[in-house]
Amino acid sequence: MRIILLGAPGAGKGTVAKLLSAVDGSVQISTGDILRSAVNQGSDLGKKAKKYMDQGDLVPDSLIMEIMEVRLKEDDCRNGFILDGFPRTIPQAEELANLLDKMDIKLDFVANLEVPRDVILDRLTTRRTCSNPECQEIFNIKSNPPAAGGKCTKCGSPVVQRDDETEEAIINRLEIYNQKTAPLIGFYERSGLLENFISLSSQETVEEIERKLEP
Ligand code: ADP
Ligand code: ZN
């Protein structure tokens with residue numbers, strides 16, 4: 001499959017992307033995961049991105065496009081990809097459209113995950129993430145807690161609250177989503193690619209997306 005997942009922070013893009021990638025082996029490409037790994041490794045990219053990320057601000061489009069041009073040309077993308085957290089601005093969406101055109105790749109559709117704001121706020125404040133940059137498994141202290149002692153059930157690393165998951169940064173991220181990312185809904189509607197999903201359960205959303213993909 002070749003799809004874009006759109007939705008506010010906390011809408012469940014990461015969880016849905018992981019489940020979808022298990023369906024047919026399409027790769028999940030999360031710009032957030034790529035950036036967090038770069039920050040943890042202290043690479044040049046990480047150093048440039050960290051100050052934006054800690055505030056909940058967007059990393060500049062030029063930096064994101066550099067990463068994604070390289071990433072989308074890697075071999076594992078040939079069998080399909082699920083874009084999670086990208087594009088996030090109109091300029092990113094326009095550049096992605098040009099890039100896919102050049103590569104002769106057509107998207108199946110853009111899945112917009114709609115989740116009520118109170119659910120989003122609750123999810124974001126209770127979310128915890130595996131600190132191992134290779135893993136980044138997501139937990140929730142209420143609905144999906146880590147193992148005893150706050151350890152990741154997959155890799156055993158400590159599970160932590162992300163720097164951008166303080167209340168202040170969360171409110172900023174939602175604000176930025178409304179300003180910069182929500183306009184993509186109209187953008188993809190006009191391109192005829194948009195499909196809306198009311199998404200309270202990730203599993204159900206995955207099943208609905210699978211049904212839409214069937215010819
Ligand atoms: P969430 O979807 O939960 O907000 P992500 O893991 O997708 O979180 O992203 C975390 C942070 O990484 C964002 O707040 C932003 O600073 C940066 N980021 C991720 N993807 C992009 C993107 N496509 N454009 C700009 N910044 C991005
Ligand atoms: Zn882990």
# chains A, B, ... in the order shown; residues from 1 in each chain; ligands from 1
call {"tool": "select_by_dssp", "arguments": {"residues": "region 18-102 of chain A", "states": "alpha helix (DSSP H)", "output": "PyMOL selection string"}}
result
chain A and resi 18-24+31-41+44-55+61-72+90-102
call {"tool": "residues_near_ligand", "arguments": {"ligand": "ligand 1", "cutoff": "9 Å", "atoms": "only C-alpha atoms and all ligand atoms", "output": "number ranges by chain"}}
result
A: 7-14, 30-36, 49-61, 63-65, 68, 84-89, 92, 124, 164-165, 169-170, 173-174, 176-177
call {"tool": "closest_atom_pairs", "arguments": {"of": "chain A", "to": "ligand 2", "cutoff": "7 Å", "atoms": "only C-alpha atoms and all ligand atoms", "output": "tab-separated table"}}
result
residue	atom	partner	partner_atom_place_in_ligand_line	distance
A:Cys130	CA	ligand 2	1 (Zn)	4.6
A:Ser131	CA	ligand 2	1 (Zn)	6.7
A:Asn132	CA	ligand 2	1 (Zn)	5.5
A:Cys135	CA	ligand 2	1 (Zn)	4.5
A:Gln136	CA	ligand 2	1 (Zn)	5.7
A:Glu137	CA	ligand 2	1 (Zn)	5.3
A:Cys152	CA	ligand 2	1 (Zn)	4.6
A:Thr153	CA	ligand 2	1 (Zn)	6.6
A:Lys154	CA	ligand 2	1 (Zn)	5.0
A:Cys155	CA	ligand 2	1 (Zn)	4.1
A:Gly156	CA	ligand 2	1 (Zn)	5.9
A:Ser157	CA	ligand 2	1 (Zn)	5.4
call {"tool": "closest_atom_pairs", "arguments": {"of": "region 70-127 of chain A", "to": "region 17-26 of chain A", "cutoff": "6 Å", "atoms": "only C-alpha atoms", "output": "CSV"}}
result
residue,atom,partner,partner_atom,distance
A:Asn79,CA,A:Ser26,CA,5.9
A:Gly80,CA,A:Ser26,CA,4.5
A:Phe81,CA,A:Ser26,CA,4.8
call {"tool": "write_last_selection", "arguments": {"atoms": "N, CA, C and O atoms", "output": "JSON list (two decimals), in the first residue's frame"}}
result
[["chain", "number", "residue", "atom", "x", "y", "z"],
["A", 79, "ASN", "N", 8.03, -1.84, -2.09],
["A", 79, "ASN", "CA", 6.82, -2.66, -1.88],
["A", 79, "ASN", "C", 5.70, -1.89, -1.19],
["A", 79, "ASN", "O", 4.71, -2.49, -0.81],
["A", 80, "GLY", "N", 5.89, -0.61, -0.99],
["A", 80, "GLY", "CA", 4.85, 0.18, -0.37],
["A", 80, "GLY", "C", 5.33, 0.89, 0.88],
["A", 80, "GLY", "O", 6.34, 0.49, 1.48],
["A", 81, "PHE", "N", 4.62, 1.96, 1.25],
["A", 81, "PHE", "CA", 5.01, 2.72, 2.44],
["A", 81, "PHE", "C", 3.79, 3.37, 3.08],
["A", 81, "PHE", "O", 2.76, 3.60, 2.42]]
call {"tool": "closest_residue", "arguments": {"among": "A:Val27, A:Leu107, A:Ile82, A:Leu113", "to": "Thr205 (chain A)", "atoms": "only C-alpha atoms"}}
result
A:Leu113
call {"tool": "select_by_dssp", "arguments": {"residues": "region 8-119 of chain A", "states": "strand (DSSP E)", "output": "list in words"}}
result
Val27, Gln28, Ile29, Ser30, Phe81, Ile82, Leu83, Asp84, Phe109, Val110, Ala111, Asn112, Leu113 and Glu114 of chain A
call {"tool": "write_last_selection", "arguments": {"atoms": "all heavy atoms", "output": "mmCIF file, in the first residue's frame"}}
result
data_model
loop_
_atom_site.group_PDB
_atom_site.id
_atom_site.type_symbol
_atom_site.label_atom_id
_atom_site.label_comp_id
_atom_site.auth_asym_id
_atom_site.auth_seq_id
_atom_site.Cartn_x
_atom_site.Cartn_y
_atom_site.Cartn_z
ATOM 1 N N VAL A 27 6.558 -0.405 4.451
ATOM 2 C CA VAL A 27 7.339 0.196 5.535
ATOM 3 C C VAL A 27 6.639 1.399 6.144
ATOM 4 O O VAL A 27 6.067 2.219 5.429
ATOM 5 C CB VAL A 27 8.764 0.674 5.129
ATOM 6 C CG1 VAL A 27 9.712 -0.482 5.092
ATOM 7 C CG2 VAL A 27 8.766 1.468 3.858
ATOM 8 N N GLN A 28 6.734 1.483 7.471
ATOM 9 C CA GLN A 28 6.246 2.675 8.169
ATOM 10 C C GLN A 28 7.370 3.702 8.142
ATOM 11 O O GLN A 28 8.494 3.406 8.547
ATOM 12 C CB GLN A 28 5.928 2.323 9.627
ATOM 13 C CG GLN A 28 5.596 3.554 10.478
ATOM 14 C CD GLN A 28 5.538 3.240 11.974
ATOM 15 O OE1 GLN A 28 5.904 2.152 12.407
ATOM 16 N NE2 GLN A 28 5.087 4.205 12.753
ATOM 17 N N ILE A 29 7.073 4.885 7.648
ATOM 18 C CA ILE A 29 8.083 5.943 7.682
ATOM 19 C C ILE A 29 7.551 7.068 8.559
ATOM 20 O O ILE A 29 6.607 7.753 8.205
ATOM 21 C CB ILE A 29 8.405 6.478 6.277
ATOM 22 C CG1 ILE A 29 8.829 5.307 5.370
ATOM 23 C CG2 ILE A 29 9.503 7.528 6.350
ATOM 24 C CD1 ILE A 29 9.159 5.731 3.951
ATOM 25 N N SER A 30 8.148 7.188 9.744
ATOM 26 C CA SER A 30 7.731 8.214 10.695
ATOM 27 C C SER A 30 8.824 9.262 10.799
ATOM 28 O O SER A 30 9.930 8.969 11.247
ATOM 29 C CB SER A 30 7.488 7.570 12.069
ATOM 30 O OG SER A 30 7.609 8.546 13.084
ATOM 31 N N PHE A 81 4.620 1.960 1.254
ATOM 32 C CA PHE A 81 5.009 2.723 2.442
ATOM 33 C C PHE A 81 3.786 3.368 3.075
ATOM 34 O O PHE A 81 2.764 3.595 2.419
ATOM 35 C CB PHE A 81 6.052 3.788 2.085
ATOM 36 C CG PHE A 81 5.671 4.671 0.920
ATOM 37 C CD1 PHE A 81 4.705 5.669 1.048
ATOM 38 C CD2 PHE A 81 6.271 4.488 -0.319
ATOM 39 C CE1 PHE A 81 4.355 6.468 -0.019
ATOM 40 C CE2 PHE A 81 5.910 5.283 -1.410
ATOM 41 C CZ PHE A 81 4.951 6.273 -1.244
ATOM 42 N N ILE A 82 3.936 3.622 4.371
ATOM 43 C CA ILE A 82 2.893 4.296 5.143
ATOM 44 C C ILE A 82 3.559 5.522 5.754
ATOM 45 O O ILE A 82 4.464 5.386 6.582
ATOM 46 C CB ILE A 82 2.373 3.364 6.251
ATOM 47 C CG1 ILE A 82 1.799 2.085 5.627
ATOM 48 C CG2 ILE A 82 1.323 4.066 7.110
ATOM 49 C CD1 ILE A 82 2.107 0.853 6.432
ATOM 50 N N LEU A 83 3.170 6.698 5.311
ATOM 51 C CA LEU A 83 3.800 7.914 5.814
ATOM 52 C C LEU A 83 3.070 8.385 7.067
ATOM 53 O O LEU A 83 1.856 8.599 7.057
ATOM 54 C CB LEU A 83 3.798 9.008 4.747
ATOM 55 C CG LEU A 83 4.503 8.661 3.432
ATOM 56 C CD1 LEU A 83 4.519 9.868 2.499
ATOM 57 C CD2 LEU A 83 5.926 8.169 3.696
ATOM 58 N N ASP A 84 3.834 8.517 8.142
ATOM 59 C CA ASP A 84 3.268 8.814 9.458
ATOM 60 C C ASP A 84 3.943 10.087 9.986
ATOM 61 O O ASP A 84 5.106 10.071 10.358
ATOM 62 C CB ASP A 84 3.541 7.564 10.333
ATOM 63 C CG ASP A 84 3.570 7.843 11.828
ATOM 64 O OD1 ASP A 84 3.068 8.886 12.261
ATOM 65 O OD2 ASP A 84 4.109 6.980 12.546
ATOM 66 N N PHE A 109 -4.355 6.499 -1.174
ATOM 67 C CA PHE A 109 -5.144 7.616 -0.648
ATOM 68 C C PHE A 109 -4.481 8.200 0.587
ATOM 69 O O PHE A 109 -3.445 7.709 1.050
ATOM 70 C CB PHE A 109 -6.601 7.201 -0.337
ATOM 71 C CG PHE A 109 -6.748 5.986 0.550
ATOM 72 C CD1 PHE A 109 -6.609 6.085 1.927
ATOM 73 C CD2 PHE A 109 -7.072 4.741 0.004
ATOM 74 C CE1 PHE A 109 -6.768 4.974 2.744
ATOM 75 C CE2 PHE A 109 -7.225 3.618 0.814
ATOM 76 C CZ PHE A 109 -7.078 3.739 2.195
ATOM 77 N N VAL A 110 -5.096 9.282 1.098
ATOM 78 C CA VAL A 110 -4.639 9.925 2.326
ATOM 79 C C VAL A 110 -5.689 9.634 3.390
ATOM 80 O O VAL A 110 -6.859 10.000 3.223
ATOM 81 C CB VAL A 110 -4.489 11.442 2.116
ATOM 82 C CG1 VAL A 110 -4.132 12.148 3.420
ATOM 83 C CG2 VAL A 110 -3.442 11.728 1.045
ATOM 84 N N ALA A 111 -5.315 8.932 4.449
ATOM 85 C CA ALA A 111 -6.270 8.587 5.502
ATOM 86 C C ALA A 111 -6.214 9.642 6.599
ATOM 87 O O ALA A 111 -5.192 9.798 7.269
ATOM 88 C CB ALA A 111 -5.933 7.209 6.077
ATOM 89 N N ASN A 112 -7.308 10.360 6.752
ATOM 90 C CA ASN A 112 -7.390 11.386 7.787
ATOM 91 C C ASN A 112 -8.042 10.790 9.033
ATOM 92 O O ASN A 112 -9.208 10.413 9.003
ATOM 93 C CB ASN A 112 -8.200 12.572 7.257
ATOM 94 C CG ASN A 112 -8.321 13.686 8.276
ATOM 95 O OD1 ASN A 112 -7.400 13.940 9.047
ATOM 96 N ND2 ASN A 112 -9.474 14.342 8.302
ATOM 97 N N LEU A 113 -7.278 10.680 10.117
ATOM 98 C CA LEU A 113 -7.805 10.086 11.353
ATOM 99 C C LEU A 113 -8.419 11.182 12.218
ATOM 100 O O LEU A 113 -7.723 12.076 12.686
ATOM 101 C CB LEU A 113 -6.686 9.380 12.138
ATOM 102 C CG LEU A 113 -5.805 8.392 11.364
ATOM 103 C CD1 LEU A 113 -4.911 7.627 12.329
ATOM 104 C CD2 LEU A 113 -6.636 7.425 10.530
ATOM 105 N N GLU A 114 -9.725 11.106 12.393
ATOM 106 C CA GLU A 114 -10.431 12.124 13.169
ATOM 107 C C GLU A 114 -10.709 11.616 14.580
ATOM 108 O O GLU A 114 -11.330 10.569 14.740
ATOM 109 C CB GLU A 114 -11.761 12.473 12.488
ATOM 110 C CG GLU A 114 -11.571 13.028 11.082
ATOM 111 C CD GLU A 114 -12.902 13.418 10.452
ATOM 112 O OE1 GLU A 114 -13.661 12.519 10.082
ATOM 113 O OE2 GLU A 114 -13.157 14.633 10.373
#
call {"tool": "decode", "arguments": {"residues": "region 139-176 of chain A", "atoms": "N, CA, C and O atoms", "output": "PDB file, in the first residue's frame"}}
result
ATOM      1  N   PHE A 139       3.567   3.390  24.749  1.00  0.00           N
ATOM      2  CA  PHE A 139       2.743   2.851  25.834  1.00  0.00           C
ATOM      3  C   PHE A 139       1.775   3.917  26.310  1.00  0.00           C
ATOM      4  O   PHE A 139       1.859   5.072  25.913  1.00  0.00           O
ATOM      5  N   ASN A 140       0.853   3.488  27.174  1.00  0.00           N
ATOM      6  CA  ASN A 140      -0.066   4.440  27.792  1.00  0.00           C
ATOM      7  C   ASN A 140      -0.253   4.017  29.240  1.00  0.00           C
ATOM      8  O   ASN A 140      -0.582   2.847  29.485  1.00  0.00           O
ATOM      9  N   ILE A 141      -0.009   4.945  30.166  1.00  0.00           N
ATOM     10  CA  ILE A 141      -0.028   4.534  31.575  1.00  0.00           C
ATOM     11  C   ILE A 141      -1.395   3.999  32.011  1.00  0.00           C
ATOM     12  O   ILE A 141      -1.483   3.225  32.934  1.00  0.00           O
ATOM     13  N   LYS A 142      -2.465   4.374  31.289  1.00  0.00           N
ATOM     14  CA  LYS A 142      -3.789   3.854  31.658  1.00  0.00           C
ATOM     15  C   LYS A 142      -4.134   2.584  30.881  1.00  0.00           C
ATOM     16  O   LYS A 142      -4.524   1.573  31.460  1.00  0.00           O
ATOM     17  N   SER A 143      -4.016   2.637  29.548  1.00  0.00           N
ATOM     18  CA  SER A 143      -4.601   1.559  28.740  1.00  0.00           C
ATOM     19  C   SER A 143      -3.582   0.515  28.261  1.00  0.00           C
ATOM     20  O   SER A 143      -3.965  -0.574  27.861  1.00  0.00           O
ATOM     21  N   ASN A 144      -2.293   0.854  28.311  1.00  0.00           N
ATOM     22  CA  ASN A 144      -1.294  -0.072  27.760  1.00  0.00           C
ATOM     23  C   ASN A 144       0.034   0.161  28.477  1.00  0.00           C
ATOM     24  O   ASN A 144       1.005   0.643  27.898  1.00  0.00           O
ATOM     25  N   PRO A 145       0.062  -0.166  29.809  1.00  0.00           N
ATOM     26  CA  PRO A 145       1.230   0.207  30.601  1.00  0.00           C
ATOM     27  C   PRO A 145       2.472  -0.620  30.253  1.00  0.00           C
ATOM     28  O   PRO A 145       2.345  -1.748  29.775  1.00  0.00           O
ATOM     29  N   PRO A 146       3.672  -0.042  30.487  1.00  0.00           N
ATOM     30  CA  PRO A 146       4.907  -0.801  30.290  1.00  0.00           C
ATOM     31  C   PRO A 146       5.048  -1.894  31.349  1.00  0.00           C
ATOM     32  O   PRO A 146       4.214  -1.997  32.253  1.00  0.00           O
ATOM     33  N   ALA A 147       6.079  -2.721  31.223  1.00  0.00           N
ATOM     34  CA  ALA A 147       6.320  -3.803  32.187  1.00  0.00           C
ATOM     35  C   ALA A 147       6.744  -3.215  33.544  1.00  0.00           C
ATOM     36  O   ALA A 147       7.023  -2.021  33.652  1.00  0.00           O
ATOM     37  N   ALA A 148       6.802  -4.089  34.542  1.00  0.00           N
ATOM     38  CA  ALA A 148       7.169  -3.657  35.898  1.00  0.00           C
ATOM     39  C   ALA A 148       8.448  -2.835  35.869  1.00  0.00           C
ATOM     40  O   ALA A 148       9.367  -3.125  35.110  1.00  0.00           O
ATOM     41  N   GLY A 149       8.479  -1.776  36.696  1.00  0.00           N
ATOM     42  CA  GLY A 149       9.658  -0.929  36.755  1.00  0.00           C
ATOM     43  C   GLY A 149       9.750   0.030  35.572  1.00  0.00           C
ATOM     44  O   GLY A 149      10.788   0.640  35.341  1.00  0.00           O
ATOM     45  N   GLY A 150       8.648   0.173  34.816  1.00  0.00           N
ATOM     46  CA  GLY A 150       8.649   1.121  33.705  1.00  0.00           C
ATOM     47  C   GLY A 150       9.541   0.697  32.556  1.00  0.00           C
ATOM     48  O   GLY A 150      10.137   1.522  31.874  1.00  0.00           O
ATOM     49  N   LYS A 151       9.633  -0.617  32.300  1.00  0.00           N
ATOM     50  CA  LYS A 151      10.507  -1.118  31.229  1.00  0.00           C
ATOM     51  C   LYS A 151       9.678  -1.477  29.992  1.00  0.00           C
ATOM     52  O   LYS A 151       8.525  -1.908  30.110  1.00  0.00           O
ATOM     53  N   CYS A 152      10.299  -1.318  28.819  1.00  0.00           N
ATOM     54  CA  CYS A 152       9.652  -1.652  27.549  1.00  0.00           C
ATOM     55  C   CYS A 152       9.402  -3.158  27.467  1.00  0.00           C
ATOM     56  O   CYS A 152      10.300  -3.957  27.755  1.00  0.00           O
ATOM     57  N   THR A 153       8.197  -3.539  27.049  1.00  0.00           N
ATOM     58  CA  THR A 153       7.874  -4.974  26.936  1.00  0.00           C
ATOM     59  C   THR A 153       8.579  -5.609  25.730  1.00  0.00           C
ATOM     60  O   THR A 153       8.694  -6.818  25.643  1.00  0.00           O
ATOM     61  N   LYS A 154       9.035  -4.798  24.776  1.00  0.00           N
ATOM     62  CA  LYS A 154       9.699  -5.342  23.591  1.00  0.00           C
ATOM     63  C   LYS A 154      11.197  -5.500  23.805  1.00  0.00           C
ATOM     64  O   LYS A 154      11.782  -6.503  23.446  1.00  0.00           O
ATOM     65  N   CYS A 155      11.836  -4.423  24.358  1.00  0.00           N
ATOM     66  CA  CYS A 155      13.308  -4.444  24.388  1.00  0.00           C
ATOM     67  C   CYS A 155      13.881  -4.253  25.787  1.00  0.00           C
ATOM     68  O   CYS A 155      15.096  -4.339  25.967  1.00  0.00           O
ATOM     69  N   GLY A 156      13.028  -3.977  26.787  1.00  0.00           N
ATOM     70  CA  GLY A 156      13.525  -3.878  28.164  1.00  0.00           C
ATOM     71  C   GLY A 156      14.129  -2.541  28.545  1.00  0.00           C
ATOM     72  O   GLY A 156      14.531  -2.329  29.693  1.00  0.00           O
ATOM     73  N   SER A 157      14.201  -1.598  27.596  1.00  0.00           N
ATOM     74  CA  SER A 157      14.748  -0.271  27.918  1.00  0.00           C
ATOM     75  C   SER A 157      13.745   0.523  28.747  1.00  0.00           C
ATOM     76  O   SER A 157      12.545   0.235  28.713  1.00  0.00           O
ATOM     77  N   PRO A 158      14.221   1.551  29.475  1.00  0.00           N
ATOM     78  CA  PRO A 158      13.288   2.372  30.241  1.00  0.00           C
ATOM     79  C   PRO A 158      12.286   3.087  29.333  1.00  0.00           C
ATOM     80  O   PRO A 158      12.643   3.545  28.250  1.00  0.00           O
ATOM     81  N   VAL A 159      11.046   3.150  29.795  1.00  0.00           N
ATOM     82  CA  VAL A 159       9.986   3.844  29.065  1.00  0.00           C
ATOM     83  C   VAL A 159       9.836   5.234  29.698  1.00  0.00           C
ATOM     84  O   VAL A 159       9.775   5.346  30.909  1.00  0.00           O
ATOM     85  N   VAL A 160       9.848   6.275  28.866  1.00  0.00           N
ATOM     86  CA  VAL A 160       9.905   7.651  29.388  1.00  0.00           C
ATOM     87  C   VAL A 160       8.809   8.537  28.777  1.00  0.00           C
ATOM     88  O   VAL A 160       8.183   8.173  27.781  1.00  0.00           O
ATOM     89  N   GLN A 161       8.631   9.694  29.410  1.00  0.00           N
ATOM     90  CA  GLN A 161       7.753  10.715  28.833  1.00  0.00           C
ATOM     91  C   GLN A 161       8.609  11.570  27.909  1.00  0.00           C
ATOM     92  O   GLN A 161       9.701  12.013  28.297  1.00  0.00           O
ATOM     93  N   ARG A 162       8.178  11.789  26.680  1.00  0.00           N
ATOM     94  CA  ARG A 162       8.974  12.581  25.738  1.00  0.00           C
ATOM     95  C   ARG A 162       9.082  14.026  26.210  1.00  0.00           C
ATOM     96  O   ARG A 162       8.190  14.551  26.846  1.00  0.00           O
ATOM     97  N   ASP A 163      10.200  14.692  25.820  1.00  0.00           N
ATOM     98  CA  ASP A 163      10.398  16.096  26.201  1.00  0.00           C
ATOM     99  C   ASP A 163       9.264  16.973  25.665  1.00  0.00           C
ATOM    100  O   ASP A 163       8.945  18.003  26.251  1.00  0.00           O
ATOM    101  N   ASP A 164       8.687  16.588  24.538  1.00  0.00           N
ATOM    102  CA  ASP A 164       7.617  17.426  23.976  1.00  0.00           C
ATOM    103  C   ASP A 164       6.246  16.976  24.473  1.00  0.00           C
ATOM    104  O   ASP A 164       5.233  17.343  23.908  1.00  0.00           O
ATOM    105  N   GLU A 165       6.216  16.173  25.541  1.00  0.00           N
ATOM    106  CA  GLU A 165       4.922  15.770  26.085  1.00  0.00           C
ATOM    107  C   GLU A 165       4.631  16.356  27.453  1.00  0.00           C
ATOM    108  O   GLU A 165       3.858  15.826  28.237  1.00  0.00           O
ATOM    109  N   THR A 166       5.233  17.497  27.743  1.00  0.00           N
ATOM    110  CA  THR A 166       4.797  18.305  28.871  1.00  0.00           C
ATOM    111  C   THR A 166       3.519  19.014  28.409  1.00  0.00           C
ATOM    112  O   THR A 166       3.286  19.167  27.206  1.00  0.00           O
ATOM    113  N   GLU A 167       2.697  19.459  29.380  1.00  0.00           N
ATOM    114  CA  GLU A 167       1.411  20.049  29.014  1.00  0.00           C
ATOM    115  C   GLU A 167       1.586  21.259  28.089  1.00  0.00           C
ATOM    116  O   GLU A 167       0.862  21.409  27.104  1.00  0.00           O
ATOM    117  N   GLU A 168       2.592  22.080  28.396  1.00  0.00           N
ATOM    118  CA  GLU A 168       2.836  23.291  27.601  1.00  0.00           C
ATOM    119  C   GLU A 168       3.171  22.935  26.146  1.00  0.00           C
ATOM    120  O   GLU A 168       2.619  23.515  25.206  1.00  0.00           O
ATOM    121  N   ALA A 169       4.079  21.981  25.984  1.00  0.00           N
ATOM    122  CA  ALA A 169       4.487  21.600  24.624  1.00  0.00           C
ATOM    123  C   ALA A 169       3.331  20.936  23.875  1.00  0.00           C
ATOM    124  O   ALA A 169       3.180  21.120  22.672  1.00  0.00           O
ATOM    125  N   ILE A 170       2.501  20.184  24.605  1.00  0.00           N
ATOM    126  CA  ILE A 170       1.358  19.516  23.962  1.00  0.00           C
ATOM    127  C   ILE A 170       0.388  20.552  23.408  1.00  0.00           C
ATOM    128  O   ILE A 170      -0.074  20.457  22.264  1.00  0.00           O
ATOM    129  N   ILE A 171       0.087  21.577  24.223  1.00  0.00           N
ATOM    130  CA  ILE A 171      -0.844  22.612  23.771  1.00  0.00           C
ATOM    131  C   ILE A 171      -0.271  23.322  22.544  1.00  0.00           C
ATOM    132  O   ILE A 171      -0.968  23.571  21.565  1.00  0.00           O
ATOM    133  N   ASN A 172       1.035  23.582  22.572  1.00  0.00           N
ATOM    134  CA  ASN A 172       1.693  24.204  21.416  1.00  0.00           C
ATOM    135  C   ASN A 172       1.602  23.305  20.177  1.00  0.00           C
ATOM    136  O   ASN A 172       1.315  23.768  19.073  1.00  0.00           O
ATOM    137  N   ARG A 173       1.810  21.987  20.353  1.00  0.00           N
ATOM    138  CA  ARG A 173       1.749  21.079  19.200  1.00  0.00           C
ATOM    139  C   ARG A 173       0.361  21.056  18.582  1.00  0.00           C
ATOM    140  O   ARG A 173       0.211  21.007  17.364  1.00  0.00           O
ATOM    141  N   LEU A 174      -0.677  21.093  19.442  1.00  0.00           N
ATOM    142  CA  LEU A 174      -2.047  21.071  18.910  1.00  0.00           C
ATOM    143  C   LEU A 174      -2.348  22.363  18.147  1.00  0.00           C
ATOM    144  O   LEU A 174      -2.990  22.351  17.094  1.00  0.00           O
ATOM    145  N   GLU A 175      -1.852  23.474  18.685  1.00  0.00           N
ATOM    146  CA  GLU A 175      -2.028  24.775  18.049  1.00  0.00           C
ATOM    147  C   GLU A 175      -1.349  24.780  16.666  1.00  0.00           C
ATOM    148  O   GLU A 175      -1.922  25.221  15.668  1.00  0.00           O
ATOM    149  N   ILE A 176      -0.130  24.272  16.633  1.00  0.00           N
ATOM    150  CA  ILE A 176       0.608  24.222  15.368  1.00  0.00           C
ATOM    151  C   ILE A 176      -0.074  23.277  14.383  1.00  0.00           C
ATOM    152  O   ILE A 176      -0.138  23.544  13.185  1.00  0.00           O
TER     153      ILE A 176
END
